[in-house]
Amino acid sequence: MPTPFIQALIPHLPRYAEEEGDFYAVPRTALVDALCQTQLDHTAAETVVALVESLLDTLAVLDNNHLQKGEWCWVSFPAQLLALSVLTAWGDANSRFFAGNFWNTRDIADAQKEQQREVLHHLETRRYQHHANRAAQPIRYIYVAWGIIKLDDKVLFYQREDTQKRHDKQAGDYGLIGGRLNQRDVLGDGRDFLGEVQSANSVVIKAALPETLKRELHEEAGLVFARHYQFKSWRCIRPYQQVQGSAPNHALTHYYLEVFHIELTLEGYLFLQQQVARDERLVWFSLDEMIQGTTSDGKIPYINALLNDFDNGPLALKAELSVLPDSFTAGYLFQPAKYGLSLLMDTEKPILAGVLGKEKILDKVLTQAQMALLLSLAAHGRGFEFATITDNISLHPYGWLDVSQNRGLQTGLIELAAVLKGTDVIIECHQDVLFRLSVHPAMVYFDDQLFTFVVKAADLNGVATKIPVQIHRAVFATALGNVKEITETFQITLEFAHKLQSLTVNTFSTDNDHAVKIEDAYKKTLHKKDQFLRLGLKCLIRQEAGNMKFNLQYTIS
């Protein structure tokens, strides 16, 4: 707008007293007439006045009651000052509110970025908060792809950028894996991209979000699509808007977010474990920590947009995440019901396998080296802790063993898998470097001779209602190294301890009421405890040759 017209308008504006509060209004028609004196035609003068009026009304400096009567009147003296400041700057070709390079963003200091942000935040926040219809128009559009990587009721998060510099620290330090779309994710030239990405509800940009996900997962976690994972859309989050943006890119922003469920391959799962271990920016949040909004050490998840998508609040989100499948499952190749696989020591045919109670010796001859390898896989699959470990191997969750750097173990495991091929004892192999015993760990048991049942004589001869007893598993050797010994302590009734002892000194048939009741009590108590299951012991009491037998050495110390 030519500066002379604004300069010509200023002398005819209304005035408001600085101290006493006196004021007067000026008819809009008078302002149009004043501009006509500058040789501006009437139509053009009306346009100028209308434009200026719209600007001043946006600044909320004009009294609405007077406006409705076709008059301009300031709401206060400070309002007059603001209007004159804006119009004077507008009408002066040499006047600027900011230095010529104020809005530059390339190679500028953080302090200047913060100044830019403060200006935009101030203006946009007020525009958003004071919109007459509470529906201010966004001026920034962001398209986001998030990934849900869920394992064991935990979800992976990544530390947000510029955590220390952000002003919305309470919003959260950690976000879901993923991020906003950028030009690299969309085919086409820059003009096409900018026109679409800075538009509302762009179909073209939304269609590119899978590419955004692939790029972000590689940047944040090193994951490579197809090799490490597949994905599918989980939900498109209800669009939302707020005044937000990093550094100076700050304005009333409309967000479009799509959340994808990540399905990891075996290689991807093992790779991710290594990434999380070495990158402290990758953090697991339990579902409870997500909905509570913090971890025990103060980490805060940023899931405002996700929570906003659930009308029934955090518990509804937790319920949806609870039923979402894990991103990786163990997927054991052999896990039938009521089945057992027992590994016996010091025998050429060391595998007892079959339906519980009907197990048979597997007719496969193993060398001592092969048995040591099988014990290695079984112990690791069971989660036993090794006291010593051989060099150049890596132990992974779900029983996986990486021997890519140990040629001897690699060769031995390939041979063992070939020997056991076609049996229920499945050795799973991936690319000849990853091996595991692909039998569900709960079905794998170890030789009874490794275990001892211990009770103190003083406790057994005492009068306490409950006494401690111990089951000890001895150290044993494997091809990977020695497995640590372990002792688990259980509280049982004194009466039950004596009943168990009676099975060791008397012979009871399997139909003897006394023996049956002892076995029943054992199965309902000790046998179901997690401590007992962790030991790898199949049972304390079993039926053998028509008799009820206590399976271990009953030691009184």
# chains A, B, ... in the order shown; residues from 1 in each chain; ligands from 1

$ residues_around --residues "Ser286 (chain A)" --least-positions-apart "6" --cutoff "8 Å" --atoms "only C-alpha atoms" --output "list in words"
Asp153, Lys154 and Val155 of chain A

$ write_last_selection --atoms "C-alpha atoms" --output "CSV table (one decimal), in the first residue's frame"
chain,number,residue,atom,x,y,z
A,153,ASP,CA,3.9,-54.8,27.7
A,154,LYS,CA,6.5,-52.1,27.1
A,155,VAL,CA,6.6,-49.5,24.3

$ residues_around --residues "Ser85 (chain A)" --least-positions-apart "3" --cutoff "12 Å" --atoms "only C-alpha atoms" --output "MDAnalysis selection string"
chainID A and resid 10 56 59 61 78:82 88:92 95:97

$ closest_residue --among "A:Tyr24, A:Phe102, A:Phe446, A:Phe453" --to "Glu71 (chain A)" --atoms "only C-alpha atoms"
A:Tyr24

$ select_by_dssp --residues "region 288-323 of chain A" --states "alpha helix (DSSP H)" --output "list in words"
Asp288, Glu289, Met290, Ile291, Gln292, Asn304, Ala305, Leu306, Leu307, Asn308, Pro314, Leu315, Ala316, Leu317, Lys318, Ala319, Glu320, Leu321, Ser322 and Val323 of chain A

$ residues_around --residues "Val204 (chain A)" --least-positions-apart "5" --cutoff "10 Å" --atoms "only C-alpha atoms" --output "list of chain:residue names"
A:Val186, A:Leu187, A:Phe193, A:Glu196, A:Val197, A:Leu209

$ write_last_selection --atoms "C-alpha atoms" --output "mmCIF file, in the first residue's frame"
data_model
loop_
_atom_site.group_PDB
_atom_site.id
_atom_site.type_symbol
_atom_site.label_atom_id
_atom_site.label_comp_id
_atom_site.auth_asym_id
_atom_site.auth_seq_id
_atom_site.Cartn_x
_atom_site.Cartn_y
_atom_site.Cartn_z
ATOM 1 C CA VAL A 186 7.681 -37.234 -1.201
ATOM 2 C CA LEU A 187 8.262 -37.641 -4.913
ATOM 3 C CA PHE A 193 5.936 -30.479 -2.172
ATOM 4 C CA GLU A 196 0.974 -29.817 -0.560
ATOM 5 C CA VAL A 197 2.770 -29.988 2.788
ATOM 6 C CA LEU A 209 3.782 -41.100 5.657
#

$ select_by_dssp --residues "region 304-440 of chain A" --states "strand (DSSP E or B)" --output "list of chain:residue names"
A:Phe334, A:Tyr339, A:Gly340, A:Leu341, A:Ser342, A:Leu343, A:Ile351, A:Leu352, A:Ala353, A:Gly354, A:Val355, A:Lys360, A:Ile361, A:Phe386, A:Ser394, A:Leu395, A:Leu401, A:Asp402, A:Ile427, A:Glu428, A:Cys429, A:His430, A:Leu434, A:Phe435, A:Arg436, A:Leu437, A:Val439

$ closest_residue --among "A:Gln431, A:Gln405, A:Asn249, A:Thr29" --to "Arg117 (chain A)" --atoms "only C-alpha atoms"
A:Asn249

$ residues_around --residues "Ala418 (chain A)" --least-positions-apart "6" --cutoff "12 Å" --atoms "only C-alpha atoms" --output "PyMOL selection string"
chain A and resi 364+366+370+411-412+425-429

$ write_last_selection --atoms "N, CA and C atoms" --output "mmCIF file, in the first residue's frame"
data_model
loop_
_atom_site.group_PDB
_atom_site.id
_atom_site.type_symbol
_atom_site.label_atom_id
_atom_site.label_comp_id
_atom_site.auth_asym_id
_atom_site.auth_seq_id
_atom_site.Cartn_x
_atom_site.Cartn_y
_atom_site.Cartn_z
ATOM 1 N N LYS A 364 18.479 -91.388 19.807
ATOM 2 C CA LYS A 364 19.525 -90.648 19.124
ATOM 3 C C LYS A 364 20.781 -90.655 19.995
ATOM 4 N N LEU A 366 24.227 -89.148 21.081
ATOM 5 C CA LEU A 366 24.961 -87.879 21.052
ATOM 6 C C LEU A 366 26.340 -88.067 21.649
ATOM 7 N N GLN A 370 28.344 -82.947 21.700
ATOM 8 C CA GLN A 370 27.000 -82.584 21.254
ATOM 9 C C GLN A 370 26.053 -82.410 22.440
ATOM 10 N N THR A 411 30.129 -74.840 13.690
ATOM 11 C CA THR A 411 30.169 -76.157 13.042
ATOM 12 C C THR A 411 29.478 -77.207 13.894
ATOM 13 N N GLY A 412 29.755 -77.165 15.203
ATOM 14 C CA GLY A 412 29.155 -78.145 16.099
ATOM 15 C C GLY A 412 27.642 -78.037 16.149
ATOM 16 N N VAL A 425 13.073 -82.511 19.231
ATOM 17 C CA VAL A 425 14.122 -81.622 19.745
ATOM 18 C C VAL A 425 14.630 -80.791 18.566
ATOM 19 N N ILE A 426 13.964 -79.661 18.343
ATOM 20 C CA ILE A 426 14.223 -78.867 17.139
ATOM 21 C C ILE A 426 15.289 -77.812 17.430
ATOM 22 N N ILE A 427 16.381 -77.881 16.671
ATOM 23 C CA ILE A 427 17.398 -76.837 16.741
ATOM 24 C C ILE A 427 17.118 -75.862 15.595
ATOM 25 N N GLU A 428 16.708 -74.672 15.945
ATOM 26 C CA GLU A 428 16.366 -73.672 14.938
ATOM 27 C C GLU A 428 17.624 -72.898 14.554
ATOM 28 N N CYS A 429 17.781 -72.669 13.265
ATOM 29 C CA CYS A 429 18.983 -72.010 12.763
ATOM 30 C C CYS A 429 18.588 -70.863 11.839
#

$ residues_around --residues "Tyr128 (chain A)" --least-positions-apart "3" --cutoff "12 Å" --atoms "only C-alpha atoms" --output "ChimeraX atom specification"
/A:120-125,131-139,241-244,251-253

$ write_last_selection --atoms "N, CA and C atoms" --output "PDB file, in the first residue's frame"
ATOM      1  N   LEU A 120       6.659 -14.857  17.615  1.00  0.00           N
ATOM      2  CA  LEU A 120       5.612 -15.694  17.024  1.00  0.00           C
ATOM      3  C   LEU A 120       4.713 -16.305  18.097  1.00  0.00           C
ATOM      4  N   HIS A 121       5.338 -16.719  19.179  1.00  0.00           N
ATOM      5  CA  HIS A 121       4.541 -17.315  20.262  1.00  0.00           C
ATOM      6  C   HIS A 121       3.558 -16.295  20.837  1.00  0.00           C
ATOM      7  N   HIS A 122       4.026 -15.086  21.034  1.00  0.00           N
ATOM      8  CA  HIS A 122       3.179 -14.028  21.587  1.00  0.00           C
ATOM      9  C   HIS A 122       1.992 -13.755  20.662  1.00  0.00           C
ATOM     10  N   LEU A 123       2.280 -13.585  19.375  1.00  0.00           N
ATOM     11  CA  LEU A 123       1.217 -13.251  18.425  1.00  0.00           C
ATOM     12  C   LEU A 123       0.254 -14.418  18.220  1.00  0.00           C
ATOM     13  N   GLU A 124       0.800 -15.597  18.000  1.00  0.00           N
ATOM     14  CA  GLU A 124      -0.044 -16.747  17.674  1.00  0.00           C
ATOM     15  C   GLU A 124      -0.878 -17.215  18.865  1.00  0.00           C
ATOM     16  N   THR A 125      -0.285 -17.145  20.052  1.00  0.00           N
ATOM     17  CA  THR A 125      -1.041 -17.544  21.245  1.00  0.00           C
ATOM     18  C   THR A 125      -2.253 -16.650  21.436  1.00  0.00           C
ATOM     19  N   HIS A 131      -9.710 -15.808  19.398  1.00  0.00           N
ATOM     20  CA  HIS A 131     -10.518 -15.901  18.196  1.00  0.00           C
ATOM     21  C   HIS A 131     -11.993 -15.848  18.580  1.00  0.00           C
ATOM     22  N   ALA A 132     -12.760 -15.049  17.850  1.00  0.00           N
ATOM     23  CA  ALA A 132     -14.165 -14.822  18.230  1.00  0.00           C
ATOM     24  C   ALA A 132     -14.975 -16.114  18.276  1.00  0.00           C
ATOM     25  N   ASN A 133     -14.680 -17.049  17.363  1.00  0.00           N
ATOM     26  CA  ASN A 133     -15.454 -18.296  17.306  1.00  0.00           C
ATOM     27  C   ASN A 133     -14.690 -19.493  17.859  1.00  0.00           C
ATOM     28  N   ARG A 134     -13.571 -19.216  18.543  1.00  0.00           N
ATOM     29  CA  ARG A 134     -12.737 -20.278  19.109  1.00  0.00           C
ATOM     30  C   ARG A 134     -12.298 -21.277  18.041  1.00  0.00           C
ATOM     31  N   ALA A 135     -12.096 -20.820  16.824  1.00  0.00           N
ATOM     32  CA  ALA A 135     -11.693 -21.703  15.732  1.00  0.00           C
ATOM     33  C   ALA A 135     -10.706 -20.979  14.836  1.00  0.00           C
ATOM     34  N   ALA A 136      -9.625 -20.535  15.410  1.00  0.00           N
ATOM     35  CA  ALA A 136      -8.621 -19.793  14.648  1.00  0.00           C
ATOM     36  C   ALA A 136      -8.045 -20.661  13.538  1.00  0.00           C
ATOM     37  N   GLN A 137      -7.690 -20.045  12.438  1.00  0.00           N
ATOM     38  CA  GLN A 137      -7.141 -20.751  11.279  1.00  0.00           C
ATOM     39  C   GLN A 137      -5.656 -21.041  11.498  1.00  0.00           C
ATOM     40  N   PRO A 138      -5.235 -22.306  11.438  1.00  0.00           N
ATOM     41  CA  PRO A 138      -3.800 -22.614  11.572  1.00  0.00           C
ATOM     42  C   PRO A 138      -3.019 -22.014  10.403  1.00  0.00           C
ATOM     43  N   ILE A 139      -1.766 -21.707  10.632  1.00  0.00           N
ATOM     44  CA  ILE A 139      -0.910 -21.208   9.556  1.00  0.00           C
ATOM     45  C   ILE A 139       0.264 -22.155   9.321  1.00  0.00           C
ATOM     46  N   GLN A 241      -4.845 -29.260  17.009  1.00  0.00           N
ATOM     47  CA  GLN A 241      -4.020 -28.087  16.761  1.00  0.00           C
ATOM     48  C   GLN A 241      -3.655 -27.392  18.059  1.00  0.00           C
ATOM     49  N   GLN A 242      -2.495 -26.767  18.047  1.00  0.00           N
ATOM     50  CA  GLN A 242      -2.045 -25.974  19.186  1.00  0.00           C
ATOM     51  C   GLN A 242      -0.893 -25.093  18.733  1.00  0.00           C
ATOM     52  N   VAL A 243      -0.602 -24.070  19.531  1.00  0.00           N
ATOM     53  CA  VAL A 243       0.535 -23.202  19.236  1.00  0.00           C
ATOM     54  C   VAL A 243       1.784 -23.943  19.673  1.00  0.00           C
ATOM     55  N   GLN A 244       2.573 -24.352  18.694  1.00  0.00           N
ATOM     56  CA  GLN A 244       3.713 -25.207  19.005  1.00  0.00           C
ATOM     57  C   GLN A 244       4.706 -25.150  17.860  1.00  0.00           C
ATOM     58  N   ALA A 251       4.052 -21.640  15.637  1.00  0.00           N
ATOM     59  CA  ALA A 251       2.806 -20.992  15.220  1.00  0.00           C
ATOM     60  C   ALA A 251       1.638 -21.896  15.590  1.00  0.00           C
ATOM     61  N   LEU A 252       0.420 -21.397  15.341  1.00  0.00           N
ATOM     62  CA  LEU A 252      -0.757 -22.246  15.502  1.00  0.00           C
ATOM     63  C   LEU A 252      -0.669 -23.339  14.435  1.00  0.00           C
ATOM     64  N   THR A 253      -0.498 -24.567  14.889  1.00  0.00           N
ATOM     65  CA  THR A 253      -0.166 -25.676  13.999  1.00  0.00           C
ATOM     66  C   THR A 253      -1.255 -26.732  14.023  1.00  0.00           C
TER      67      THR A 253
END

$ atom_distance --atom1 "CA of Ile361 (chain A)" --atom2 "CA of Leu480 (chain A)"
25.1 Å

$ closest_residue --among "A:Val259, A:Ile237, A:Ala8, A:Leu324" --to "Phe310 (chain A)" --atoms "only C-alpha atoms"
A:Ile237

$ closest_residue --among "A:Leu374, A:Val283, A:Leu270, A:Met345" --to "Leu395 (chain A)" --atoms "only C-alpha atoms"
A:Leu270

$ decode --residues "region 268-330 of chain A" --atoms "C-alpha atoms" --output "JSON list (two decimals), in the first residue's frame"
[["chain", "number", "residue", "atom", "x", "y", "z"],
["A", 268, "GLY", "CA", 15.39, -56.81, 13.62],
["A", 269, "TYR", "CA", 14.51, -57.90, 17.13],
["A", 270, "LEU", "CA", 18.09, -58.90, 17.98],
["A", 271, "PHE", "CA", 19.47, -55.77, 16.33],
["A", 272, "LEU", "CA", 17.08, -53.56, 18.30],
["A", 273, "GLN", "CA", 18.19, -55.12, 21.59],
["A", 274, "GLN", "CA", 21.75, -54.04, 20.79],
["A", 275, "GLN", "CA", 20.63, -50.56, 19.75],
["A", 276, "VAL", "CA", 18.70, -49.98, 22.98],
["A", 277, "ALA", "CA", 21.65, -51.22, 25.03],
["A", 278, "ARG", "CA", 24.07, -48.73, 23.48],
["A", 279, "ASP", "CA", 21.84, -45.71, 22.80],
["A", 280, "GLU", "CA", 20.48, -44.08, 25.95],
["A", 281, "ARG", "CA", 18.02, -42.06, 23.88],
["A", 282, "LEU", "CA", 16.02, -45.25, 23.27],
["A", 283, "VAL", "CA", 13.91, -46.00, 26.35],
["A", 284, "TRP", "CA", 11.20, -48.55, 27.15],
["A", 285, "PHE", "CA", 8.07, -47.29, 28.91],
["A", 286, "SER", "CA", 5.68, -49.76, 30.52],
["A", 287, "LEU", "CA", 2.00, -49.28, 29.70],
["A", 288, "ASP", "CA", 1.41, -48.09, 33.27],
["A", 289, "GLU", "CA", 4.24, -45.55, 32.99],
["A", 290, "MET", "CA", 2.74, -44.27, 29.75],
["A", 291, "ILE", "CA", -0.67, -43.56, 31.23],
["A", 292, "GLN", "CA", 0.75, -42.29, 34.54],
["A", 293, "GLY", "CA", 2.91, -39.87, 32.59],
["A", 294, "THR", "CA", 6.30, -40.63, 34.14],
["A", 295, "THR", "CA", 8.85, -43.29, 34.97],
["A", 296, "SER", "CA", 10.40, -43.84, 38.39],
["A", 297, "ASP", "CA", 13.46, -41.83, 37.30],
["A", 298, "GLY", "CA", 11.43, -38.89, 35.99],
["A", 299, "LYS", "CA", 11.25, -39.56, 32.26],
["A", 300, "ILE", "CA", 8.05, -38.13, 30.76],
["A", 301, "PRO", "CA", 6.37, -39.62, 27.68],
["A", 302, "TYR", "CA", 4.97, -37.24, 25.08],
["A", 303, "ILE", "CA", 1.64, -38.83, 24.11],
["A", 304, "ASN", "CA", -0.75, -35.87, 24.31],
["A", 305, "ALA", "CA", -1.97, -36.38, 20.76],
["A", 306, "LEU", "CA", -2.48, -40.10, 21.31],
["A", 307, "LEU", "CA", -4.38, -39.52, 24.54],
["A", 308, "ASN", "CA", -6.52, -36.93, 22.77],
["A", 309, "ASP", "CA", -7.67, -39.65, 20.40],
["A", 310, "PHE", "CA", -9.36, -41.59, 23.23],
["A", 311, "ASP", "CA", -12.52, -40.04, 24.63],
["A", 312, "ASN", "CA", -12.38, -42.28, 27.71],
["A", 313, "GLY", "CA", -8.89, -41.17, 28.65],
["A", 314, "PRO", "CA", -5.63, -42.98, 29.53],
["A", 315, "LEU", "CA", -7.26, -46.24, 30.60],
["A", 316, "ALA", "CA", -8.87, -46.60, 27.19],
["A", 317, "LEU", "CA", -5.46, -46.10, 25.56],
["A", 318, "LYS", "CA", -3.92, -48.71, 27.86],
["A", 319, "ALA", "CA", -6.69, -51.18, 27.01],
["A", 320, "GLU", "CA", -6.05, -50.73, 23.27],
["A", 321, "LEU", "CA", -2.30, -51.12, 23.68],
["A", 322, "SER", "CA", -2.77, -54.18, 25.88],
["A", 323, "VAL", "CA", -4.53, -56.09, 23.11],
["A", 324, "LEU", "CA", -2.09, -54.91, 20.44],
["A", 325, "PRO", "CA", 0.19, -57.87, 19.56],
["A", 326, "ASP", "CA", 3.84, -57.69, 20.54],
["A", 327, "SER", "CA", 6.15, -56.51, 17.79],
["A", 328, "PHE", "CA", 8.05, -59.77, 18.12],
["A", 329, "THR", "CA", 7.11, -63.12, 19.62],
["A", 330, "ALA", "CA", 9.33, -66.05, 20.49]]
